[in-house]
Amino acid sequence: MALKNLSNLSQRIIAAVIAVPAMMFCIWFSPLSLLFLLVLLSVLTQVEFYKLLKLDSHLPLTAWGTLCGLFLVIVTYLVERDMVSFRNYYLIVPLLTTTFFIKLFKKLDDRPFANLGYTFLGIIYVAVPFALIVELIIEEFTYKPELLTGLLVILWVNDSGAYFAGRALGKRKLFARVSPKKTWEGFIGGAIFSVLAALSMGYLFTDLAIMHWLVIAFIIVVTGTLGDLVESLFKRSISIKDSGSIIPGHGGFLDRFDGLLLSVPFIVTYFKLLAG
């Protein structure tokens with residue numbers, strides 16, 4: 001039976017059975033394999049973002065914007081691994097500034113500054129969060145795969161809990177203007193399962209206090225849900241249902257990682273400013 005003929009739930013399960021072990025291997029094998037995973041996801045997600053913008057007649061600089069994002073992820077890794085000096089971050093400044101010069105020579109662009117904004121948005125929305133994951137997991141020359149593992153587990157449990165609770169009990173619309181299928185019942189179901197997942201991570205990975213896992217769960221429930229709604233708003237603005245079809249049952253990379261992209265900045269801020 002062709003995969004596309006299976007139910008959405010069956011496709012989700014099959015995709016998870018394949019993707020989750022592969023991601024966990026990259027996270028736990030070594031810092032270098034984590035870098036490979038984050039670079040791959042960042043590039044594919046950013047290219048997908050720019051591709052969707054082009055469907056709405058925008059002309060972002062896909063190759064250059066993705067290159068800037070790639071540089072940001074890699075240089076963050078090299079700095080945190082103490083392979084290069086922090087001063088190498090300044091190289092991103094001329095890279096970003098060169099974006100203006102490239103647009104100067106694009107003759108067929110009737111809205112150059114709007115498309116410059118979309119180019120920068122792809123870097124901020126996609127590449128920066130993936131670079132922040134490196135900042136979170138590799139700190140003071142230590143590697144913390146358990147933190148990223150727990151973060152992803154809570155995020156996935158929140159998504160799954162909201163999905164099943166919404167299907168079984170959903171009646172009251174959460175944000176009908178943007179996403180008619182999301183309900184308060186789904187949101188609450190996702191929150192309950194996220195707390196249970198956070199408690200489980202606290203007992204499994206004892207290097208981090210349970211309180212911190214609960215804070216991560218709270219951030220993911222709130223900002224992860226809002227991130228999903230933001231992506232739904234983006235898709236609605238260009239009249240598409242899914243950001244792509246590469247991940248069976250899940251859509252595209254933006255569909256799969258929308259909650260992660262907007263929750264990671266808050267989680268990193270919490271650990272850098274409040275958790276210490």
# chains A, B, ... in the order shown; residues from 1 in each chain; ligands from 1
$ select_by_dssp --residues "segment 36-243 of chain A" --states "alpha helix (DSSP H)" --output "VMD selection string"
chain A and resid 36 to 55 62 to 80 92 to 104 112 to 122 128 to 137 145 to 169 184 to 204 210 to 219 225 to 237
$ residues_around --residues "Cys68 of chain A" --least-positions-apart "2" --cutoff "12 Å" --atoms "only C-alpha atoms" --output "PyMOL selection string"
chain A and resi 39+42-43+46+61-66+70-75+89+91-99+119-124+126-128+131
$ write_last_selection --atoms "N, CA and C atoms" --output "short mmCIF file (atom, residue, chain, number, x, y, z; two decimals), in the first residue's frame"
data_model
loop_
_atom_site.label_atom_id
_atom_site.label_comp_id
_atom_site.auth_asym_id
_atom_site.auth_seq_id
_atom_site.Cartn_x
_atom_site.Cartn_y
_atom_site.Cartn_z
N VAL A 39 22.54 21.77 10.97
CA VAL A 39 22.81 22.40 9.67
C VAL A 39 21.82 21.91 8.63
N SER A 42 18.33 23.33 9.46
CA SER A 42 18.29 24.77 9.25
C SER A 42 18.23 25.12 7.77
N VAL A 43 19.08 24.50 6.98
CA VAL A 43 19.12 24.78 5.55
C VAL A 43 17.81 24.39 4.88
N GLN A 46 14.96 26.75 6.01
CA GLN A 46 15.08 28.10 5.48
C GLN A 46 14.79 28.14 3.98
N LEU A 61 16.35 36.53 -1.41
CA LEU A 61 17.62 35.98 -1.89
C LEU A 61 17.84 34.63 -1.21
N THR A 62 17.32 33.58 -1.83
CA THR A 62 17.31 32.26 -1.20
C THR A 62 18.72 31.76 -0.90
N ALA A 63 19.57 31.75 -1.91
CA ALA A 63 20.91 31.19 -1.73
C ALA A 63 21.72 32.00 -0.72
N TRP A 64 21.70 33.33 -0.87
CA TRP A 64 22.51 34.16 0.01
C TRP A 64 21.97 34.16 1.45
N GLY A 65 20.65 34.25 1.58
CA GLY A 65 20.05 34.22 2.91
C GLY A 65 20.34 32.91 3.62
N THR A 66 20.25 31.80 2.89
CA THR A 66 20.54 30.49 3.47
C THR A 66 22.01 30.36 3.84
N LEU A 70 23.46 29.56 7.45
CA LEU A 70 24.39 28.45 7.62
C LEU A 70 25.64 28.92 8.37
N PHE A 71 26.15 30.08 7.98
CA PHE A 71 27.32 30.64 8.65
C PHE A 71 27.04 30.86 10.13
N LEU A 72 25.85 31.36 10.45
CA LEU A 72 25.51 31.66 11.84
C LEU A 72 25.51 30.40 12.69
N VAL A 73 24.94 29.32 12.17
CA VAL A 73 24.89 28.05 12.91
C VAL A 73 26.30 27.49 13.11
N ILE A 74 27.09 27.49 12.04
CA ILE A 74 28.43 26.89 12.11
C ILE A 74 29.36 27.70 13.00
N VAL A 75 29.34 29.03 12.88
CA VAL A 75 30.25 29.83 13.70
C VAL A 75 29.87 29.74 15.17
N TYR A 89 32.20 36.18 15.13
CA TYR A 89 30.79 36.53 14.94
C TYR A 89 30.64 37.81 14.12
N LEU A 91 31.91 38.61 11.50
CA LEU A 91 31.88 38.36 10.05
C LEU A 91 30.45 38.35 9.51
N ILE A 92 29.47 38.10 10.39
CA ILE A 92 28.09 38.10 9.92
C ILE A 92 27.65 39.49 9.49
N VAL A 93 28.30 40.54 10.03
CA VAL A 93 27.91 41.91 9.70
C VAL A 93 28.15 42.22 8.22
N PRO A 94 29.38 42.02 7.68
CA PRO A 94 29.55 42.25 6.25
C PRO A 94 28.74 41.29 5.38
N LEU A 95 28.51 40.07 5.87
CA LEU A 95 27.69 39.13 5.09
C LEU A 95 26.27 39.67 4.93
N LEU A 96 25.69 40.16 6.01
CA LEU A 96 24.34 40.70 5.96
C LEU A 96 24.29 42.00 5.15
N THR A 97 25.32 42.81 5.30
CA THR A 97 25.36 44.08 4.56
C THR A 97 25.47 43.83 3.07
N THR A 98 26.20 42.80 2.68
CA THR A 98 26.34 42.46 1.26
C THR A 98 24.98 42.15 0.63
N THR A 99 24.01 41.75 1.43
CA THR A 99 22.67 41.47 0.91
C THR A 99 22.11 42.68 0.18
N THR A 119 14.25 38.34 3.10
CA THR A 119 15.52 37.61 3.19
C THR A 119 16.03 37.58 4.63
N PHE A 120 16.02 38.75 5.27
CA PHE A 120 16.47 38.82 6.67
C PHE A 120 15.53 38.05 7.59
N LEU A 121 14.23 38.07 7.28
CA LEU A 121 13.26 37.35 8.10
C LEU A 121 13.55 35.86 8.12
N GLY A 122 13.97 35.31 6.98
CA GLY A 122 14.31 33.89 6.92
C GLY A 122 15.47 33.55 7.85
N ILE A 123 16.43 34.47 7.95
CA ILE A 123 17.58 34.25 8.84
C ILE A 123 17.13 34.32 10.30
N ILE A 124 16.33 35.33 10.63
CA ILE A 124 15.89 35.52 12.01
C ILE A 124 14.94 34.42 12.45
N VAL A 126 14.39 31.35 11.15
CA VAL A 126 14.83 29.95 11.04
C VAL A 126 16.24 29.73 11.58
N ALA A 127 17.21 30.44 11.04
CA ALA A 127 18.61 30.15 11.37
C ALA A 127 18.96 30.52 12.80
N VAL A 128 18.49 31.66 13.27
CA VAL A 128 18.83 32.09 14.63
C VAL A 128 18.40 31.06 15.68
N ALA A 131 20.82 28.19 15.65
CA ALA A 131 22.09 28.59 16.26
C ALA A 131 21.96 28.66 17.77
#
$ residues_around --residues "Thr269 of chain A" --least-positions-apart "3" --cutoff "12 Å" --atoms "only C-alpha atoms" --output "list in words"
Pro129, Leu132, Ile133, Glu135, Leu136, Val215, Ile216, Ile219, Leu262, Ser263, Val264, Pro265, Phe266, Lys272, Leu273, Leu274, Ala275 and Gly276 of chain A
$ write_last_selection --atoms "C-alpha atoms" --output "mmCIF file, in the first residue's frame"
data_model
loop_
_atom_site.group_PDB
_atom_site.id
_atom_site.type_symbol
_atom_site.label_atom_id
_atom_site.label_comp_id
_atom_site.auth_asym_id
_atom_site.auth_seq_id
_atom_site.Cartn_x
_atom_site.Cartn_y
_atom_site.Cartn_z
ATOM 1 C CA PRO A 129 16.811 29.503 16.627
ATOM 2 C CA LEU A 132 20.580 29.174 19.707
ATOM 3 C CA ILE A 133 20.142 25.415 20.109
ATOM 4 C CA GLU A 135 24.322 27.880 22.314
ATOM 5 C CA LEU A 136 22.024 26.021 24.709
ATOM 6 C CA VAL A 215 9.630 25.791 33.132
ATOM 7 C CA ILE A 216 10.665 24.341 29.770
ATOM 8 C CA ILE A 219 7.469 27.818 27.706
ATOM 9 C CA LEU A 262 9.684 30.281 18.507
ATOM 10 C CA SER A 263 10.113 28.460 21.813
ATOM 11 C CA VAL A 264 13.912 28.044 21.708
ATOM 12 C CA PRO A 265 14.664 31.804 22.027
ATOM 13 C CA PHE A 266 12.626 31.947 25.239
ATOM 14 C CA LYS A 272 21.085 32.364 30.348
ATOM 15 C CA LEU A 273 19.420 34.988 32.544
ATOM 16 C CA LEU A 274 17.262 33.270 35.137
ATOM 17 C CA ALA A 275 18.249 29.647 35.676
ATOM 18 C CA GLY A 276 21.798 30.334 36.763
#
$ residues_around --residues "Ile154 of chain A" --least-positions-apart "4" --cutoff "7 Å" --atoms "only C-alpha atoms" --output "ChimeraX atom specification"
/A:150,158,194,197-198,217
$ closest_residue --among "A:Ile188, A:Met201, A:Leu147, A:Val17" --to "Gly166 of chain A" --atoms "only C-alpha atoms"
A:Ile188
$ closest_residue --among "A:Ala176, A:Ile102, A:Met23, A:Leu32" --to "Leu229 of chain A" --atoms "only C-alpha atoms"
A:Ala176
$ select_by_dssp --residues "segment 144-212 of chain A" --states "strand (DSSP E)" --output "MDAnalysis selection string"
chainID A and resid 173:175 179:183
$ write_last_selection --atoms "C-alpha atoms" --output "PDB file, in the first residue's frame"
ATOM      1  CA  LYS A 173     -11.970  27.240  19.207  1.00  0.00           C
ATOM      2  CA  LEU A 174      -8.614  28.493  20.424  1.00  0.00           C
ATOM      3  CA  PHE A 175      -7.867  30.945  17.598  1.00  0.00           C
ATOM      4  CA  SER A 179      -6.396  27.957  12.788  1.00  0.00           C
ATOM      5  CA  PRO A 180     -10.019  26.706  12.907  1.00  0.00           C
ATOM      6  CA  LYS A 181      -8.998  23.188  14.008  1.00  0.00           C
ATOM      7  CA  LYS A 182      -7.163  24.216  17.191  1.00  0.00           C
ATOM      8  CA  THR A 183      -9.243  24.096  20.358  1.00  0.00           C
TER       9      THR A 183
END
$ atom_distance --atom1 "atom CA of Gly161 of chain A" --atom2 "atom CA of Asp207 of chain A"
26.3 Å
$ closest_residue --among "A:Leu34, A:Val134, A:Leu199, A:Asp109" --to "Val153 of chain A" --atoms "only C-alpha atoms"
A:Leu199
$ atom_distance --atom1 "atom CA of Leu53 of chain A" --atom2 "atom CA of Ile238 of chain A"
7.9 Å
$ atom_distance --atom1 "atom CA of Val222 of chain A" --atom2 "atom CA of Phe187 of chain A"
9.1 Å
$ closest_residue --among "A:Asp258, A:Tyr163, A:Phe105, A:Tyr118" --to "Asp56 of chain A" --atoms "only C-alpha atoms"
A:Tyr118
